[in-house]
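See below for my_file20.txt, which holds compact mmCIF, C-alpha atoms.
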# COMPACT_ATOMS: atom_id res chain seq x y z
CA MET A 1 91.57 195.67 -44.77
CA GLY A 2 92.80 192.95 -42.48
CA LYS A 3 96.36 192.82 -41.31
CA GLY A 4 97.40 190.49 -44.08
CA GLY A 5 95.55 192.20 -46.86
CA GLY A 6 97.61 195.36 -47.25
CA CYS A 7 99.40 198.25 -45.59
CA VAL A 8 97.71 200.49 -43.09
CA PRO A 9 98.75 204.15 -43.40
CA SER A 10 101.02 205.12 -40.57
CA LYS A 11 99.89 207.80 -38.18
CA LYS A 12 103.53 209.13 -38.30
CA LYS A 13 103.54 209.60 -42.02
CA LYS A 14 104.94 212.95 -43.02
CA PRO A 15 102.80 215.56 -44.70
CA SER A 16 103.01 215.49 -48.47
CA SER A 17 104.92 218.75 -48.42
CA LEU A 18 107.84 217.02 -46.66
CA ALA A 19 107.68 213.77 -48.56
CA ALA A 20 110.76 214.70 -50.59
CA THR A 21 113.04 214.84 -47.55
CA THR A 22 115.44 212.01 -46.86
CA THR A 23 116.70 210.27 -43.79
CA THR A 24 120.26 209.65 -42.75
CA GLY A 25 121.75 206.27 -42.22
CA ASP A 26 121.16 206.76 -38.51
CA GLY A 27 117.40 207.03 -39.07
CA ILE A 28 117.40 210.74 -38.25
CA ASP A 29 115.17 212.86 -40.44
CA ASP A 30 117.34 215.14 -42.59
CA ASP A 31 114.96 218.06 -42.28
CA GLY A 32 113.94 220.78 -39.88
CA ALA A 33 116.72 221.63 -37.43
CA ALA A 34 118.97 219.00 -38.99
CA ASN A 35 119.11 221.04 -42.17
CA ALA A 36 119.82 224.35 -40.42
CA PRO A 37 123.25 225.99 -41.04
CA ILE A 38 125.86 224.80 -38.56
CA PRO A 39 127.39 227.70 -36.68
CA ILE A 40 131.22 227.76 -36.59
CA GLU A 41 132.58 228.55 -33.18
CA ASP A 42 136.11 228.46 -31.74
CA ASP A 43 137.63 227.56 -35.12
CA GLN A 44 135.84 224.20 -35.27
CA THR A 45 133.73 222.54 -37.95
CA THR A 46 131.37 219.57 -37.76
CA ASN A 47 131.79 216.62 -40.12
CA THR A 48 129.14 214.15 -41.25
CA ALA A 49 129.86 211.85 -38.34
CA GLY A 50 128.93 214.55 -35.86
CA THR A 51 132.47 215.03 -34.50
CA THR A 52 134.35 218.31 -34.45
CA THR A 53 137.68 218.95 -36.14
CA PRO A 54 139.91 222.05 -36.10
CA SER A 55 139.38 224.31 -39.09
CA ILE A 56 142.24 225.18 -41.41
CA THR A 57 143.37 228.74 -40.81
CA ALA A 58 145.95 230.79 -42.68
CA ARG A 59 149.40 230.60 -41.07
CA THR A 60 151.01 233.95 -40.46
CA ILE A 61 154.56 234.11 -41.80
CA ALA A 62 156.80 236.26 -39.61
CA PRO A 63 159.12 238.70 -41.39
CA PRO A 64 162.81 237.72 -41.32
CA LEU A 65 165.06 238.96 -38.54
CA LYS A 66 167.47 241.59 -39.82
CA ILE A 67 171.20 241.77 -39.19
CA PHE A 68 172.92 244.92 -40.40
CA VAL A 69 176.55 244.42 -41.41
CA VAL A 70 177.81 247.99 -41.06
CA PHE A 71 181.42 248.73 -42.00
CA TYR A 72 184.06 251.17 -43.11
CA SER A 73 186.65 249.96 -45.58
CA MET A 74 189.18 252.10 -47.40
CA TYR A 75 191.05 249.50 -49.45
CA GLY A 76 188.50 246.68 -49.47
CA HIS A 77 189.89 244.36 -46.79
CA VAL A 78 187.09 244.92 -44.29
CA GLU A 79 184.56 244.86 -47.12
CA SER A 80 185.70 241.38 -48.17
CA LEU A 81 185.04 240.14 -44.63
CA ALA A 82 181.66 241.91 -44.57
CA LYS A 83 180.47 240.12 -47.69
CA ARG A 84 181.36 236.72 -46.23
CA MET A 85 179.63 237.74 -42.98
CA LYS A 86 176.46 238.32 -44.96
CA LYS A 87 176.77 234.91 -46.61
CA GLY A 88 177.09 233.24 -43.22
CA ALA A 89 174.15 235.11 -41.70
CA ASP A 90 171.92 234.45 -44.69
CA GLY A 91 172.53 230.74 -44.20
CA VAL A 92 170.35 230.75 -41.07
CA GLU A 93 166.66 230.27 -41.79
CA GLY A 94 164.52 233.24 -40.83
CA VAL A 95 167.44 235.70 -40.82
CA GLU A 96 168.39 238.26 -43.46
CA ALA A 97 171.66 240.21 -43.53
CA ARG A 98 172.09 243.60 -45.17
CA LEU A 99 175.34 245.33 -46.07
CA TYR A 100 175.84 249.02 -45.31
CA ARG A 101 178.84 251.30 -45.30
CA VAL A 102 179.27 254.36 -43.11
CA PRO A 103 179.84 257.77 -44.71
CA GLU A 104 183.35 258.79 -45.69
CA THR A 105 184.69 261.74 -43.72
CA LEU A 106 187.67 262.44 -45.98
CA SER A 107 187.35 264.63 -49.03
CA GLN A 108 187.30 262.97 -52.44
CA GLU A 109 190.63 264.63 -53.23
CA VAL A 110 192.31 263.06 -50.20
CA VAL A 111 190.77 259.65 -50.95
CA GLU A 112 192.15 259.79 -54.49
CA GLN A 113 195.61 260.79 -53.23
CA MET A 114 195.54 257.74 -50.95
CA LYS A 115 194.84 255.64 -54.06
CA ALA A 116 191.76 254.05 -52.48
CA PRO A 117 189.66 252.00 -54.92
CA VAL A 118 186.20 253.13 -55.97
CA LYS A 119 183.56 251.98 -53.50
CA ASP A 120 180.92 249.42 -54.50
CA SER A 121 177.88 251.47 -55.52
CA GLU A 122 175.53 248.57 -54.72
CA ILE A 123 176.29 248.91 -50.99
CA PRO A 124 174.36 251.92 -49.64
CA GLU A 125 175.46 254.32 -46.94
CA ILE A 126 173.55 254.05 -43.70
CA THR A 127 172.19 256.77 -41.45
CA ALA A 128 172.10 256.54 -37.67
CA ALA A 129 168.29 256.47 -37.62
CA GLU A 130 168.23 253.33 -39.79
CA LEU A 131 169.95 251.33 -37.07
CA ALA A 132 166.63 251.15 -35.21
CA GLU A 133 165.29 248.75 -37.87
CA ALA A 134 167.84 245.99 -37.16
CA ASP A 135 167.61 243.07 -34.76
CA GLY A 136 171.39 242.66 -34.53
CA PHE A 137 174.64 244.14 -35.84
CA LEU A 138 178.10 243.29 -37.08
CA PHE A 139 180.35 246.35 -37.18
CA GLY A 140 183.58 246.22 -39.18
CA PHE A 141 186.44 248.73 -39.37
CA PRO A 142 190.20 249.05 -39.78
CA THR A 143 192.38 250.00 -36.85
CA ARG A 144 193.95 253.35 -36.11
CA TYR A 145 196.53 252.91 -33.32
CA GLY A 146 194.58 250.10 -31.67
CA CYS A 147 191.17 251.78 -31.98
CA MET A 148 188.48 252.01 -34.66
CA ALA A 149 189.02 254.27 -37.67
CA ALA A 150 187.77 257.85 -37.38
CA GLN A 151 185.05 257.27 -39.99
CA MET A 152 183.39 254.60 -37.85
CA LYS A 153 183.85 256.66 -34.69
CA ALA A 154 182.19 259.63 -36.40
CA PHE A 155 179.25 257.41 -37.27
CA PHE A 156 178.87 256.22 -33.69
CA ASP A 157 179.10 259.85 -32.58
CA SER A 158 176.05 260.57 -34.74
CA THR A 159 173.85 258.11 -32.82
CA GLY A 160 173.13 260.50 -29.95
CA GLN A 161 169.35 260.46 -30.41
CA LEU A 162 169.32 256.65 -30.35
CA TRP A 163 171.42 256.72 -27.19
CA LYS A 164 169.10 259.26 -25.56
CA GLU A 165 166.08 257.04 -26.21
CA GLN A 166 168.03 253.78 -25.65
CA THR A 167 166.60 252.51 -28.91
CA LEU A 168 169.40 249.98 -29.39
CA ALA A 169 169.41 248.66 -25.82
CA GLY A 170 169.35 244.88 -25.64
CA LYS A 171 170.31 244.35 -29.26
CA PRO A 172 173.32 242.05 -29.90
CA ALA A 173 176.38 243.26 -31.82
CA GLY A 174 179.79 241.97 -32.82
CA PHE A 175 182.97 243.35 -34.38
CA PHE A 176 185.42 242.46 -37.14
CA VAL A 177 188.60 244.33 -37.96
CA SER A 178 191.54 244.89 -40.26
CA THR A 179 195.09 245.67 -39.17
CA GLY A 180 198.34 246.21 -40.98
CA THR A 181 200.48 243.95 -38.78
CA GLN A 182 200.06 240.98 -36.43
CA GLY A 183 200.51 243.17 -33.36
CA GLY A 184 198.55 246.09 -34.77
CA GLY A 185 195.33 245.70 -32.82
CA GLN A 186 193.39 242.58 -33.83
CA GLU A 187 192.14 242.36 -30.25
CA THR A 188 192.46 245.90 -28.88
CA THR A 189 190.55 247.45 -31.79
CA ALA A 190 187.52 245.34 -30.90
CA TRP A 191 188.13 245.68 -27.18
CA THR A 192 188.19 249.49 -27.21
CA ALA A 193 185.04 249.55 -29.40
CA ILE A 194 183.00 247.82 -26.70
CA THR A 195 182.54 251.20 -24.99
CA GLN A 196 180.21 252.25 -27.84
CA LEU A 197 177.97 249.26 -27.17
CA ALA A 198 178.03 249.71 -23.41
CA HIS A 199 176.63 253.24 -23.57
CA HIS A 200 173.84 252.11 -25.87
CA GLY A 201 173.03 249.16 -23.62
CA MET A 202 173.79 246.72 -26.43
CA LEU A 203 175.03 243.15 -25.97
CA PHE A 204 178.55 242.39 -27.16
CA VAL A 205 178.73 238.96 -28.79
CA PRO A 206 182.29 237.63 -29.28
CA ILE A 207 182.88 234.46 -31.26
CA GLY A 208 185.17 232.97 -28.63
CA TYR A 209 186.69 229.75 -29.96
CA THR A 210 183.53 228.54 -31.69
CA PHE A 211 185.43 228.33 -34.98
CA GLY A 212 187.04 225.19 -33.61
CA ALA A 213 190.30 223.92 -35.05
CA GLY A 214 190.54 226.92 -37.36
CA MET A 215 191.33 229.11 -34.36
CA PHE A 216 194.43 227.05 -33.55
CA LYS A 217 196.06 226.78 -36.98
CA LYS A 218 199.62 228.07 -37.07
CA ASP A 219 200.71 226.95 -40.51
CA SER A 220 199.93 230.37 -41.99
CA ILE A 221 199.33 233.95 -40.94
CA ARG A 222 195.72 234.42 -39.94
CA GLY A 223 193.80 237.42 -38.65
CA GLY A 224 190.95 237.17 -36.21
CA SER A 225 190.64 236.57 -32.48
CA PRO A 226 188.05 235.49 -29.90
CA TYR A 227 186.66 239.03 -30.24
CA GLY A 228 185.79 238.60 -33.91
CA ALA A 229 187.07 237.95 -37.41
CA GLY A 230 190.01 239.89 -38.74
CA VAL A 231 192.35 240.31 -41.70
CA PHE A 232 195.97 241.41 -42.01
CA ALA A 233 196.27 244.04 -44.74
CA GLY A 234 200.03 244.49 -44.62
CA ASP A 235 200.95 247.46 -46.83
CA GLY A 236 197.51 247.22 -48.42
CA SER A 237 198.42 244.71 -51.10
CA ARG A 238 197.70 241.55 -49.08
CA GLU A 239 194.25 240.06 -49.66
CA ALA A 240 192.26 238.13 -47.08
CA THR A 241 193.05 234.42 -47.07
CA GLU A 242 190.38 231.76 -47.32
CA THR A 243 190.88 230.97 -43.63
CA GLU A 244 190.22 234.60 -42.69
CA LEU A 245 187.17 234.70 -44.94
CA ALA A 246 185.89 231.40 -43.55
CA LEU A 247 186.16 232.82 -40.02
CA ALA A 248 184.13 235.84 -41.15
CA GLU A 249 181.46 233.58 -42.64
CA HIS A 250 181.37 231.60 -39.41
CA GLN A 251 180.91 234.79 -37.39
CA GLY A 252 177.98 235.83 -39.57
CA ASN A 253 176.37 232.44 -39.12
CA TYR A 254 177.05 232.44 -35.39
CA MET A 255 175.61 235.91 -34.89
CA ALA A 256 172.49 235.02 -36.88
CA ALA A 257 171.92 232.01 -34.63
CA ILE A 258 172.29 234.20 -31.52
CA VAL A 259 169.87 236.83 -32.87
CA LYS A 260 167.34 234.13 -33.72
CA ARG A 261 167.64 232.58 -30.26
CA LEU A 262 167.17 235.93 -28.51
CA ALA A 263 164.08 236.64 -30.61
CA GLN A 264 162.29 233.49 -29.50
CA PRO A 265 159.45 234.10 -27.01
Could you write out this structure as structure tokens?
Amino acid sequence: MGKGGGCVPSKKKKPSSLAATTTTGDGIDDDGAANAPIPIEDDQTTNTAGTTTPSITARTIAPPLKIFVVFYSMYGHVESLAKRMKKGADGVEGVEARLYRVPETLSQEVVEQMKAPVKDSEIPEITAAELAEADGFLFGFPTRYGCMAAQMKAFFDSTGQLWKEQTLAGKPAGFFVSTGTQGGGQETTAWTAITQLAHHGMLFVPIGYTFGAGMFKKDSIRGGSPYGAGVFAGDGSREATETELALAEHQGNYMAAIVKRLAQP
């Protein structure tokens, strides 16, 4: 036919076998290589506009950092501080505190004669080998003539294999104490305990005066020092005050923040 009488078949017309294919809005045939699977490389995908976007990958959640609050407490004074330490440490995201007590070295008969209360069965005893699992420590103990109680010293004496391998080297640790009187060793008990950390290559973390105004209050008797939290037990009947417990909670929170900071790459 003439040009005005009808359509002339195009020489570019597709074979009938491909007549069902479509074209994109850009005029590109949606067949052949265009329909081939798109390989995914370097975590990228291709959208319909031809641009690349990062693919969504699963985010790995790191396990929480662990602070072991390890203590010896005969009448419960140190234990009360330990529980508030855990509360403070748990308040820092990404950190988990665990309570442990060290083994008793006195016989059950002697403990009963000293009228010590029954120990909390929910707080397990710790072994020296378990210390390797922690990222940081808070050690609590009562004083014996300005030094740590024999039960805690016996536990440190059992860490010889860890010392030999320097397993605890570089790990931060702090102290909290209990004394019977104001001049009974709130500072020296922590001070003399630093030797245990030094031989293990651990980092002693005091609280300094980070508790702020609470460190300067003089309107009531308060245990604690720049070395760490503390409580006055008196004859054993005095309970920890809220100020002493608040200082313990602050120390737990402060230590957790230090452990988290040291763990950052």
d(atom CA of Gln186 of chain A, atom CA of Pro226 of chain A) in Å: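 Rounded to one decimal, the two atoms are 9.7 Å apart.
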Using all atoms listed in the file: which of A:Ser220, A:Thr243, A:Thr167, A:Thr105 has the shortest distance to Met152 of chain A: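 Going through A:Ser220, A:Thr243, A:Thr167, A:Thr105 one by one, the smallest distance to Met152 of chain A is for A:Thr105.
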One decimal place gives the atom CA of Val231 of chain A-atom CA of Glu93 of chain A separation as 27.6 Å
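Of the residues listed (A:Glu249, A:Ala193, A:Pro103, A:Thr181), A:Thr181 shows the shortest atom-to-atom separation from Arg222 of chain A; distances use all atoms listed in the file.
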Using all atoms listed in the file, which of the listed residues (A:Ala62, A:Leu247, A:Val69, A:Leu81) sits closest to Ile126 of chain A?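 Under the stated criterion, the closest residue is A:Val69.
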Using all atoms listed in the file, which protein or nucleic acid residues come within 12 Å of Ala240 of chain A? Drop anything in the same chain fewer than 3 positions from it, and give the result as a ChimeraX atom specification. /A:75-84,177-180,221-224,229-234,236-237,243-248
Give me, please, the distance in Å between atom CA of Met114 of chain A and atom CA of Met148 of chain A, quoted to one decimal. 18.7 Å
When distances are computed from all atoms listed in the file, which of A:Ile67, A:Gln151, A:Ile123, A:Trp191 shows the smallest separation from Gly88 of chain A?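 Of A:Ile67, A:Gln151, A:Ile123, A:Trp191, the one nearest Gly88 of chain A, counting all atoms listed in the file, is A:Ile67.
Residue nearest Glu96 of chain A, chosen from A:Leu162, A:Ala149, A:Ala190, A:Ala134 and counting only C-alpha atoms: A:Ala134.
Excluding Gly208 of chain A itself and any same-chain residue fewer than 5 positions from it, the protein and nucleic acid residues within 8 Å of it, counting only C-alpha atoms, are Ser225, Pro226, Tyr227 and Gly228 of chain A.
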Writing out the chosen residues with C-alpha atoms as a PDB file, keeping the file's coordinate frame:
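Wrote it out as result-v6.pdb, contents follow:
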ATOM      1  CA  SER A 225     190.640 236.570 -32.480  1.00  0.00           C
ATOM      2  CA  PRO A 226     188.050 235.490 -29.900  1.00  0.00           C
ATOM      3  CA  TYR A 227     186.660 239.030 -30.240  1.00  0.00           C
ATOM      4  CA  GLY A 228     185.790 238.600 -33.910  1.00  0.00           C
TER       5      GLY A 228
END
